[in-house]
Structure formats: C-alpha cells, structure tokens
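**Q** Data file model.txt (compact mmCIF, C-alpha atoms) is appended below.
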# COMPACT_ATOMS: atom_id res chain seq x y z
CA MET Y 24 0.00 0.00 0.00
CA THR Y 25 1.37 3.38 -0.97
CA LEU Y 26 0.47 6.08 1.48
CA PRO Y 27 -0.72 9.39 0.05
CA PHE Y 28 1.79 11.88 1.41
CA GLU Y 29 -0.19 14.94 0.52
CA ALA Y 30 -1.99 17.84 2.20
CA TYR Y 31 -4.84 16.80 4.45
CA ASP Y 32 -7.27 19.64 3.78
CA ASP Y 33 -10.06 18.64 6.10
CA PRO Y 34 -8.46 17.70 9.42
CA ASP Y 35 -10.86 16.31 11.98
CA ILE Y 36 -10.27 14.72 15.38
CA ASP Y 37 -13.35 12.48 15.21
CA PRO Y 38 -11.76 9.91 12.83
CA VAL Y 39 -8.77 9.80 15.17
CA TRP Y 40 -11.09 8.78 17.99
CA THR Y 41 -12.82 6.18 15.81
CA TRP Y 42 -9.43 4.74 14.88
CA PHE Y 43 -8.39 4.65 18.55
CA GLU Y 44 -11.50 2.79 19.64
CA PHE Y 45 -11.15 0.30 16.81
CA GLN Y 46 -7.51 -0.41 17.62
CA LEU Y 47 -8.35 -0.68 21.30
CA ALA Y 48 -11.02 -3.27 20.52
CA LEU Y 49 -8.56 -5.26 18.38
CA ILE Y 50 -6.03 -5.27 21.20
CA GLY Y 51 -8.74 -6.40 23.60
CA GLU Y 52 -9.83 -9.22 21.29
CA SER Y 53 -6.28 -10.38 20.70
CA ARG Y 54 -5.57 -10.29 24.44
CA ALA Y 55 -8.66 -12.34 25.20
CA SER Y 56 -7.84 -14.84 22.46
CA VAL Y 57 -4.28 -15.37 23.66
CA LEU Y 58 -5.22 -15.63 27.32
CA ARG Y 59 -7.99 -18.09 26.41
CA ASP Y 60 -5.35 -20.34 24.83
CA ILE Y 61 -3.39 -20.39 28.08
CA SER Y 62 -6.37 -21.31 30.22
CA SER Y 63 -7.60 -23.90 27.70
CA GLY Y 64 -4.34 -25.81 28.03
CA VAL Y 65 -4.08 -26.02 24.25
CA ASN Y 66 -0.63 -25.36 22.86
CA ILE Y 67 -1.15 -23.86 19.45
CA ALA Y 68 2.25 -24.12 17.83
CA ALA Y 69 4.11 -21.01 16.77
CA GLN Y 70 3.70 -21.90 13.11
CA ALA Y 71 -0.07 -22.14 13.50
CA ARG Y 72 -0.42 -18.75 15.13
CA ARG Y 73 -1.05 -15.47 13.42
CA PRO Y 74 2.33 -13.90 12.61
CA HIS Y 75 1.88 -10.95 14.95
CA GLU Y 76 1.23 -13.34 17.83
CA ALA Y 77 4.30 -15.48 17.17
CA GLN Y 78 6.48 -13.27 19.33
CA LEU Y 79 4.28 -14.13 22.30
CA ILE Y 80 5.30 -17.79 22.16
CA GLY Y 81 6.53 -18.96 25.54
CA LEU Y 82 5.20 -16.01 27.50
CA THR Y 83 3.41 -16.58 30.80
CA ARG Y 84 0.01 -15.13 31.60
CA ARG Y 85 1.58 -12.23 33.51
CA GLU Y 86 3.97 -11.49 30.65
CA VAL Y 87 1.12 -11.62 28.14
CA GLU Y 88 -0.86 -9.17 30.27
CA ASP Y 89 2.17 -6.88 30.50
CA PHE Y 90 2.61 -7.12 26.73
CA PHE Y 91 -0.97 -6.11 26.04
CA ASP Y 92 -0.89 -3.37 28.67
CA ALA Y 93 2.15 -1.99 26.85
CA GLN Y 94 0.32 -2.21 23.51
CA ARG Y 95 -2.57 -0.26 24.95
CA GLY Y 96 -0.26 2.28 26.58
CA ARG Y 97 1.57 2.93 23.33
CA LEU Y 98 -1.70 3.23 21.45
CA GLU Y 99 -2.97 5.76 23.99
CA LEU Y 100 0.19 7.88 23.71
CA LEU Y 101 0.07 7.79 19.93
CA THR Y 102 -3.62 8.66 19.98
CA MET Y 103 -3.06 11.68 22.22
CA PHE Y 104 -0.30 12.84 19.91
CA GLU Y 105 -2.49 12.36 16.84
CA ILE Y 106 -5.36 14.31 18.42
CA LEU Y 107 -3.10 17.22 19.34
CA ALA Y 108 -1.38 17.26 15.96
CA THR Y 109 -4.74 17.12 14.18
CA THR Y 110 -6.05 19.96 16.35
CA GLU Y 111 -3.09 22.07 15.27
CA ALA Y 112 -4.00 21.26 11.67
CA VAL Y 113 -7.62 22.28 12.36
CA LEU Y 114 -6.46 25.64 13.75
CA ARG Y 115 -4.01 26.30 10.93
CA THR Y 116 -6.64 25.39 8.34
CA GLU Y 117 -9.03 27.76 10.08
CA VAL Y 118 -6.46 30.56 9.84
CA LYS Y 119 -5.85 29.85 6.15
CA THR Y 120 -9.56 29.74 5.36
CA ARG Y 121 -10.28 33.01 7.17
CA VAL Y 122 -7.34 34.75 5.54
CA VAL Y 123 -8.44 33.70 2.06
CA ALA Y 124 -12.14 34.47 2.67
CA ARG Y 125 -11.33 38.01 3.89
CA LYS Y 126 -14.17 37.97 6.40
CA LYS Y 127 -14.85 41.05 8.56
CA ASP Y 128 -15.23 39.40 11.98
CA PRO Y 129 -12.56 40.30 14.57
CA LEU Y 130 -10.85 36.90 14.60
CA SER Y 131 -10.58 36.82 10.81
CA ARG Y 132 -9.08 40.32 10.89
CA ARG Y 133 -6.53 39.22 13.50
CA PHE Y 134 -5.58 36.19 11.44
CA ARG Y 135 -5.15 38.35 8.33
CA GLU Y 136 -2.87 40.70 10.26
CA LEU Y 137 -0.88 37.73 11.45
CA HIS Y 138 -0.61 36.36 7.94
CA LYS Y 139 0.49 39.73 6.62
CA ALA Y 140 3.15 40.06 9.31
CA LYS Y 141 4.45 36.49 9.39
CA GLY Y 142 3.35 34.74 6.21
CA ASP Y 143 3.89 31.01 6.60
CA ARG Y 144 5.83 31.41 9.84
CA ILE Y 145 2.77 31.78 12.07
CA ARG Y 146 3.33 29.93 15.34
CA LEU Y 147 0.65 27.89 17.00
CA ASP Y 148 0.92 29.02 20.58
CA GLU Y 149 2.38 32.52 20.43
CA ASP Y 150 0.38 33.61 17.38
CA ILE Y 151 -2.78 31.60 16.78
CA LEU Y 152 -3.74 30.83 20.38
CA ALA Y 153 -2.70 34.30 21.50
CA ALA Y 154 -4.90 35.86 18.81
CA MET Y 155 -7.80 33.64 19.78
CA LYS Y 156 -7.38 34.61 23.42
CA GLU Y 157 -7.38 38.30 22.57
CA GLU Y 158 -10.55 37.82 20.55
CA ASP Y 159 -12.40 36.35 23.52
CA VAL Y 160 -12.25 32.69 22.62
CA SER Y 161 -12.77 30.69 25.84
CA THR Y 162 -9.69 31.27 27.99
CA GLY Y 163 -10.31 27.99 29.77
CA ALA Y 164 -10.27 26.06 26.51
CA ILE Y 165 -7.10 27.84 25.37
CA ALA Y 166 -5.34 27.31 28.69
CA ALA Y 167 -6.21 23.61 28.74
CA PHE Y 168 -4.94 23.19 25.18
CA ARG Y 169 -1.75 25.08 25.97
CA GLY Y 170 -1.18 22.71 28.87
CA ALA Y 171 -1.67 19.75 26.56
CA LEU Y 172 0.90 21.19 24.15
CA ARG Y 173 3.56 20.28 26.72
CA LEU Y 174 2.34 16.70 26.37
CA ARG Y 175 2.56 16.97 22.59
CA HIS Y 176 6.10 18.33 22.78
CA TRP Y 177 7.14 15.47 25.03
CA LEU Y 178 5.55 12.87 22.75
CA ALA Y 179 6.92 14.42 19.57
CA HIS Y 180 10.47 14.32 20.89
CA GLY Y 181 10.51 10.73 21.99
CA ARG Y 182 9.67 11.10 25.72
CA HIS Y 183 13.32 11.07 26.74
CA TRP Y 184 12.82 13.35 29.74
CA HIS Y 185 10.43 13.47 32.67
CA PRO Y 186 7.70 15.90 31.60
CA LYS Y 187 6.25 18.54 33.92
CA LEU Y 188 2.68 18.35 32.74
CA GLY Y 189 0.95 19.49 35.90
CA ARG Y 190 -1.71 16.81 35.50
CA GLY Y 191 -2.32 13.39 34.02
CA TYR Y 192 -3.83 12.83 30.59
CA ALA Y 193 -5.87 10.02 29.10
CA PRO Y 194 -6.90 10.00 25.43
CA SER Y 195 -10.42 11.02 26.41
CA ASP Y 196 -9.06 14.06 28.32
CA VAL Y 197 -7.04 15.17 25.32
CA PHE Y 198 -9.99 14.60 23.01
CA ASP Y 199 -12.26 16.69 25.26
CA ILE Y 200 -9.66 19.47 25.48
CA ALA Y 201 -9.23 19.52 21.71
CA ARG Y 202 -12.97 19.37 21.05
CA ALA Y 203 -13.65 22.21 23.49
CA LEU Y 204 -11.07 24.41 21.80
CA ILE Y 205 -12.29 23.64 18.28
CA ASP Y 206 -15.91 24.21 19.29
CA SER Y 207 -15.03 27.51 20.93
CA ILE Y 208 -13.80 29.06 17.68
CA PRO Y 209 -16.42 31.67 16.77
CA PRO Y 210 -18.06 31.42 13.34
CA SER Y 211 -16.66 33.78 10.72
CA MET D 11 -32.89 -10.90 36.30
CA GLY D 12 -31.96 -13.39 39.02
CA ASP D 13 -32.67 -16.38 36.75
CA GLN D 14 -30.64 -14.86 33.95
CA LEU D 15 -27.70 -14.50 36.29
CA VAL D 16 -27.99 -18.13 37.39
CA GLY D 17 -28.31 -19.26 33.79
CA PHE D 18 -25.33 -17.20 32.71
CA LEU D 19 -23.11 -18.59 35.46
CA ARG D 20 -24.30 -22.18 34.84
CA ALA D 21 -23.50 -21.88 31.13
CA ARG D 22 -20.02 -20.63 31.97
CA LYS D 23 -19.46 -23.47 34.40
CA GLN D 24 -20.71 -26.11 31.95
CA HIS D 25 -18.51 -24.71 29.22
CA ALA D 26 -15.50 -24.93 31.51
CA THR D 27 -16.37 -28.47 32.65
CA SER D 28 -16.91 -29.77 29.12
CA GLY D 29 -13.31 -29.06 28.23
CA GLU D 30 -11.80 -30.21 31.51
CA ILE D 31 -8.04 -30.45 31.43
CA ASP D 32 -5.97 -32.89 33.42
CA TRP D 33 -3.52 -30.35 34.81
CA GLN D 34 -2.02 -32.95 37.15
CA ALA D 35 -1.06 -35.13 34.19
CA LYS D 36 0.35 -32.11 32.40
CA LYS D 37 2.41 -31.23 35.44
CA ASP D 38 3.74 -34.79 35.77
CA THR D 39 4.77 -34.80 32.11
CA TRP D 40 6.38 -31.41 32.63
CA LEU D 41 8.45 -32.58 35.59
CA ARG D 42 9.69 -35.55 33.57
CA SER D 43 10.53 -33.38 30.57
CA VAL D 44 12.57 -31.02 32.74
CA GLU D 45 14.54 -33.97 34.12
CA THR D 46 15.09 -35.13 30.54
CA LEU D 47 16.29 -31.66 29.60
CA TYR D 48 18.80 -31.60 32.42
CA GLY D 49 20.03 -35.03 31.36
CA LEU D 50 20.49 -33.74 27.85
CA VAL D 51 22.39 -30.66 29.02
CA ARG D 52 24.64 -32.76 31.25
CA GLU D 53 25.32 -35.02 28.28
CA MET D 54 26.24 -32.03 26.08
CA LEU D 55 28.55 -30.76 28.80
CA CYS D 56 29.99 -34.14 29.79
CA ASP D 57 33.50 -33.48 28.46
CA SER D 58 33.67 -30.12 30.23
CA ILE D 59 32.30 -31.67 33.40
CA ALA D 60 34.89 -34.47 33.20
CA SER D 61 37.70 -31.95 32.74
CA GLU D 62 36.25 -29.94 35.65
CA ASP D 63 35.87 -26.81 33.53
CA VAL D 64 32.20 -26.95 34.39
CA ALA D 65 30.33 -27.99 37.52
CA VAL D 66 26.62 -28.76 37.57
CA ARG D 67 24.17 -29.32 40.40
CA THR D 68 20.45 -29.19 40.90
CA PHE D 69 18.36 -27.75 43.69
CA ASP D 70 14.62 -27.45 44.13
CA THR D 71 12.54 -24.33 43.71
CA GLN D 72 8.83 -23.62 44.02
CA VAL D 73 6.79 -22.60 41.00
CA THR D 74 3.22 -21.32 41.25
CA GLU D 75 0.97 -21.34 38.21
CA ASP D 76 -2.69 -20.75 37.49
CA PHE D 77 -4.66 -24.02 37.30
CA VAL D 78 -1.63 -26.07 38.37
CA GLY D 79 -0.94 -24.61 41.80
CA THR D 80 2.39 -24.57 43.62
CA TYR D 81 4.84 -27.36 43.03
CA SER D 82 8.49 -28.17 43.54
CA ILE D 83 10.78 -28.51 40.53
CA PRO D 84 14.56 -28.70 40.14
CA VAL D 85 16.74 -25.86 38.91
CA LEU D 86 19.94 -26.81 37.09
CA GLU D 87 22.92 -24.68 38.03
CA VAL D 88 25.93 -24.62 35.73
CA THR D 89 29.10 -23.06 37.13
CA VAL D 90 32.00 -22.09 34.89
CA GLY D 91 34.76 -20.45 36.91
CA ASN D 92 33.14 -17.43 38.54
CA ASP D 93 30.13 -17.48 36.19
CA ARG D 94 26.92 -19.14 37.23
CA VAL D 95 24.03 -19.94 34.92
CA GLU D 96 20.69 -21.33 36.04
CA PHE D 97 18.14 -23.29 34.09
CA ARG D 98 14.94 -22.12 35.81
CA PRO D 99 11.62 -23.75 34.90
CA LYS D 100 8.89 -21.12 34.38
CA GLY D 101 6.00 -23.52 33.94
CA ILE D 102 3.51 -25.06 31.56
CA THR D 103 0.93 -22.30 31.34
CA VAL D 104 2.66 -20.44 28.55
CA ILE D 105 1.62 -19.44 25.07
CA GLY D 106 2.21 -21.86 22.21
CA ALA D 107 4.45 -24.33 24.01
CA SER D 108 4.02 -27.10 26.53
CA GLY D 109 6.57 -25.60 28.88
CA ARG D 110 9.33 -23.08 29.34
CA VAL D 111 12.69 -22.99 31.06
CA ASP D 112 14.69 -19.78 31.31
CA ILE D 113 18.47 -19.92 31.08
CA ARG D 114 19.57 -17.07 33.31
CA GLY D 115 23.01 -15.61 33.66
CA GLU D 116 24.40 -12.32 34.87
CA ARG D 117 24.14 -10.79 31.41
CA GLY D 118 20.63 -11.88 30.46
CA THR D 119 18.10 -14.61 29.90
CA VAL D 120 17.48 -16.98 27.03
CA THR D 121 14.22 -18.89 26.75
CA LEU D 122 13.94 -22.61 26.14
CA LEU D 123 10.58 -23.92 24.97
CA ARG D 124 9.28 -27.43 25.25
CA ASN D 125 7.60 -28.61 22.06
CA GLU D 126 5.91 -31.97 22.03
CA GLU D 127 6.10 -32.06 18.23
CA ASP D 128 9.84 -31.59 18.12
CA VAL D 129 11.23 -35.03 17.37
CA LYS D 130 14.87 -34.21 18.16
CA SER D 131 15.35 -32.95 21.70
CA GLY D 132 11.83 -31.70 22.30
CA TRP D 133 13.28 -28.31 23.20
CA THR D 134 13.91 -25.20 21.17
CA VAL D 135 15.93 -22.11 21.98
CA VAL D 136 14.42 -18.68 21.31
CA LEU D 137 17.13 -16.86 19.38
CA GLN D 138 15.19 -13.62 18.92
CA ARG D 139 11.66 -12.29 19.25
CA VAL D 140 11.91 -8.97 17.43
CA PRO D 141 11.33 -8.19 14.60
CA SER D 142 10.18 -11.80 14.19
CA LEU D 143 10.41 -14.96 16.24
CA ARG D 144 13.45 -17.11 15.46
CA THR D 145 14.07 -20.41 17.21
CA ALA D 146 16.49 -23.30 16.86
CA PRO D 147 16.36 -26.87 18.19
CA LEU D 148 18.41 -27.33 21.33
CA ASP D 149 21.73 -28.89 20.33
CA ARG D 150 25.35 -28.20 21.25
CA ASP D 151 25.53 -25.12 19.02
CA ALA D 152 22.30 -23.69 20.42
CA LEU D 153 23.48 -24.39 23.97
CA ARG D 154 26.76 -22.60 23.28
CA TYR D 155 24.78 -19.65 21.86
CA ALA D 156 22.55 -19.56 24.93
CA LEU D 157 25.44 -19.71 27.41
CA GLU D 158 27.41 -17.09 25.47
CA THR D 159 24.36 -14.81 25.47
CA VAL D 160 23.61 -15.01 29.18
CA MET D 161 27.16 -15.04 30.54
CA LEU D 162 29.21 -11.89 31.01
CA PRO D 163 31.70 -11.39 28.18
CA LEU D 164 35.35 -12.06 28.90
CA PRO D 165 37.27 -8.86 29.69
What does this structure look like when you write it as structure tokens?

**A**
Amino acid sequence: MTLPFEAYDDPDIDPVWTWFEFQLALIGESRASVLRDISSGVNIAAQARRPHEAQLIGLTRREVEDFFDAQRGRLELLTMFEILATTEAVLRTEVKTRVVARKKDPLSRRFRELHKAKGDRIRLDEDILAAMKEEDVSTGAIAAFRGALRLRHWLAHGRHWHPKLGRGYAPSDVFDIARALIDSIPPS
Amino acid sequence: MGDQLVGFLRARKQHATSGEIDWQAKKDTWLRSVETLYGLVREMLCDSIASEDVAVRTFDTQVTEDFVGTYSIPVLEVTVGNDRVEFRPKGITVIGASGRVDIRGERGTVTLLRNEEDVKSGWTVVLQRVPSLRTAPLDRDALRYALETVMLPLP
C-alpha cells in the first residue's frame, strides 16, 4: 500500500477517535484470544499462530498481560499525539480559510494581520492561540490546550525526559480538550 | 434478572467443565521433561564436566501457576569459573508451548521452549523475538549460543 503523502485539507479529530477505539477493541480481542489459549491448556504451535502473535510464544500469563498493557499504553500515547497534531491542523486550516475568505469578523481580521506580518511562519501558541485569546475565545479552553501542548512536545520528541505536565492525561481528556477548543472558535 | 444471572453462570461453568483439562497429568509430564532436559544438558557438557571446567548441580525451587498450583521442581545450576548460569523452569501455562525454562546468567536470559512435536530434543531455543520470532532446536551449538548470550563477556 502506498500512502498518500499529501496535504490533508479537512483535518478532523473524530476519525482519530474512531481509529483509537477500533484499535483498542482489536487489542482487547487479541488479548482475550491469547489468554484463552493459556487457560484452555491447548498449545497452538508457533507456526499455527497469526504472525503478529508469534512473538508471544513462551510467555506466561503475567507477561502476556504486560505485553498487552504496553500495547494499549503505546496506542494511547500515539492517539493523544495524533489528536493534538490534528487539532493544530484544524487551527491552521481555520487561519488559512479566514485569511483567504477576507471575512470582517474580529478573529478573521486578526488572522489576516498575522498572515500579513508572518506569512507562513505563524506559530501555533504565540500567534494563533494568543490571537484567539485576545478575541475572547474561551480562555479555559485555550489554557487547557496550551497545557496539553507540553504533552505533545514530550511525545513528539521521543519522551526522553520526565515531563512537567501538571496533570495526568488520558486519550479522552485530550480529546475533550481539543474538542472544546475547536468548538469555541467563533463562526466567521 | 436473578434467573438470567444463574443461567449465565451455569452456562459458563458447563462450558469450563466440558473441556476439563488434566492439569495434574500435564504437570507430571512437565516434571519428567525437565529432568530429561537436564540429562540432555549434562550429556552435552559431559567433556567439560569431566575436565572440571564446568560444575553442575540441581536444587529445588517452588513454582506457582494458574490451574496447576504450587509445586516443587529442580533448577539446574551450571558453574563455569566465577560465572553461574541457572536453568529455571517457568512452567507449563505459557503461550504456544508445553513448557518453558529460562536460562539465566548475569548478562541476560534466554528462553527454552518445550515442544511436544519436536522429534529431536523436544526443546527449542528462542534466538530472537523482534522483529520476528526465530528459534532453533536445542543442540550443542544452540546451547553454546545460549550460554554465550547469558554469561558476562570475557574482559
């Protein structure tokens, strides 16, 4: 399969959530299937297993549970990253759309000024979120998203330091934060 | 609702009973296969044992597994100079094999799997898991690989 490496013009966090839930269900099914084999006392040989399960051969129940917990954990981290990255794309697309449409509402004006001053070098936090804050977009939604950007930074750079996030995050938290911010953008 | 709960639990119980497994028999077979494994390892090491380059002994340990319970099983200890390697049985409730023994040294662990279908020794060595599972039948070369992997490298 050749992936289409091209502009994604209609970013949306909902498909990310659908993907997450689907993957989570697959992990759950695979976990149940493997654990069932242990308790059934049946030794399905490595060759007879699905290829992605072959690396589990010889693992104990506890190790299998640890393996699937790790799968879920990695999926959750990746999902949170994907939601935050997609939300950035939503905001940048919003800026682009408002700049091109030349609408008269205050936020569109601010975005046009930004575009005029910075062109393609508009920054997410310092420019877009700052402009939204000044134009009375929910400060709570902006603050929560800004907090989550620390999580995104940590994820994007390989998690090689202990992050100071100020709170814990689950995929549903990040989704709610992103949704609240997107929904708080006033219509043009 | 109460009847549905009773029915649900009865169906689960009947399902479990219909496929009853003789875990005691499995455990007995397992204990014998571990003894056979240790015999095989001693045989592979016999020249080194005779020349006193290697010393081997066994001692008992307790293993606790779901369905099987707690039982006593021997660990094989192989001593080479200052290095000590243990063959530690993990149990029979493992995925895709009828038993597992870990070869543990100071540097790491290599897994041995018991395969009933394997006509040679009945044991295979896990050479790697990632990116894909690679195993080899337990023979002198595989044993050398396992010992080399788990023992600290020479300075």

**Q** Go through D:Val78, D:Asp57, D:Asp70, D:Ser142 one by one, measure the shortest atom-to-atom distance of each to Ala35 in chain D using all atoms listed in the file, and give the residue with the smallest value.

**A**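 Ranking D:Val78, D:Asp57, D:Asp70, D:Ser142 by distance to Ala35 in chain D, first place goes to D:Val78.
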
**Q** Using all atoms listed in the file, can you list as a ChimeraX atom specification the residues within 12 Å of (36.5, -26.1, 33.7)?

**A** /D:55-66,88-93

**Q** Please find the residues of chain D near chain Y - the criterion being any atom within 12 Å, counting all atoms listed in the file - and write them as a ChimeraX atom specification.

**A** /D:25-37,74-78,99-112,120-128,133-145

**Q** Hey, can you check how far CA of Pro129 in chain Y sits from CA of Pro210 in chain Y?

**A** 10.5 Å

**Q** Please, what distance in Å, to one decimal, runs between CA of Glu87 in chain D and CA of Pro165 in chain D?

**A**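 Straight-line distance from CA of Glu87 in chain D to CA of Pro165 in chain D works out to 22.9 Å.
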
**Q** Excluding Glu99 in chain Y and residues on its chain fewer than 3 positions from it, collect all residues at most 12 Å away from it, counting all atoms listed in the file, and give them as a list in words.

**A**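 Near neighbours after the sequence-gap exclusion: Val39, Trp40, Trp42, Phe43, Glu44, Gln46, Leu47, Ile50, Asp92, Ala93, Gln94, Arg95, Gly96, Thr102, Met103, Phe104, Glu105, Ile106, Leu178, Tyr192, Ala193, Pro194, Ser195, Asp196, Val197 and Phe198 of chain Y.
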
**Q** Go ahead and dump the residues you just picked, C-alpha atoms, as a CSV table (one decimal), in the coordinates of the input.

**A**
chain,number,residue,atom,x,y,z
Y,39,VAL,CA,-8.8,9.8,15.2
Y,40,TRP,CA,-11.1,8.8,18.0
Y,42,TRP,CA,-9.4,4.7,14.9
Y,43,PHE,CA,-8.4,4.6,18.6
Y,44,GLU,CA,-11.5,2.8,19.6
Y,46,GLN,CA,-7.5,-0.4,17.6
Y,47,LEU,CA,-8.4,-0.7,21.3
Y,50,ILE,CA,-6.0,-5.3,21.2
Y,92,ASP,CA,-0.9,-3.4,28.7
Y,93,ALA,CA,2.2,-2.0,26.8
Y,94,GLN,CA,0.3,-2.2,23.5
Y,95,ARG,CA,-2.6,-0.3,25.0
Y,96,GLY,CA,-0.3,2.3,26.6
Y,102,THR,CA,-3.6,8.7,20.0
Y,103,MET,CA,-3.1,11.7,22.2
Y,104,PHE,CA,-0.3,12.8,19.9
Y,105,GLU,CA,-2.5,12.4,16.8
Y,106,ILE,CA,-5.4,14.3,18.4
Y,178,LEU,CA,5.6,12.9,22.8
Y,192,TYR,CA,-3.8,12.8,30.6
Y,193,ALA,CA,-5.9,10.0,29.1
Y,194,PRO,CA,-6.9,10.0,25.4
Y,195,SER,CA,-10.4,11.0,26.4
Y,196,ASP,CA,-9.1,14.1,28.3
Y,197,VAL,CA,-7.0,15.2,25.3
Y,198,PHE,CA,-10.0,14.6,23.0

**Q** Please provide the set of residues having any atom within 10 Å of Arg114 in chain D, restricted to only C-alpha atoms, with same-chain residues fewer than 6 positions apart removed, written as a compact mmCIF listing (two decimals) with C-alpha atoms, keeping the file's coordinate frame.

**A**
# COMPACT_ATOMS: atom_id res chain seq x y z
CA GLU D 87 22.92 -24.68 38.03
CA ARG D 94 26.92 -19.14 37.23
CA VAL D 95 24.03 -19.94 34.92
CA GLU D 96 20.69 -21.33 36.04
CA PHE D 97 18.14 -23.29 34.09
CA ARG D 98 14.94 -22.12 35.81
CA VAL D 120 17.48 -16.98 27.03
CA THR D 121 14.22 -18.89 26.75
CA ALA D 156 22.55 -19.56 24.93
CA LEU D 157 25.44 -19.71 27.41
CA THR D 159 24.36 -14.81 25.47
CA VAL D 160 23.61 -15.01 29.18
CA MET D 161 27.16 -15.04 30.54
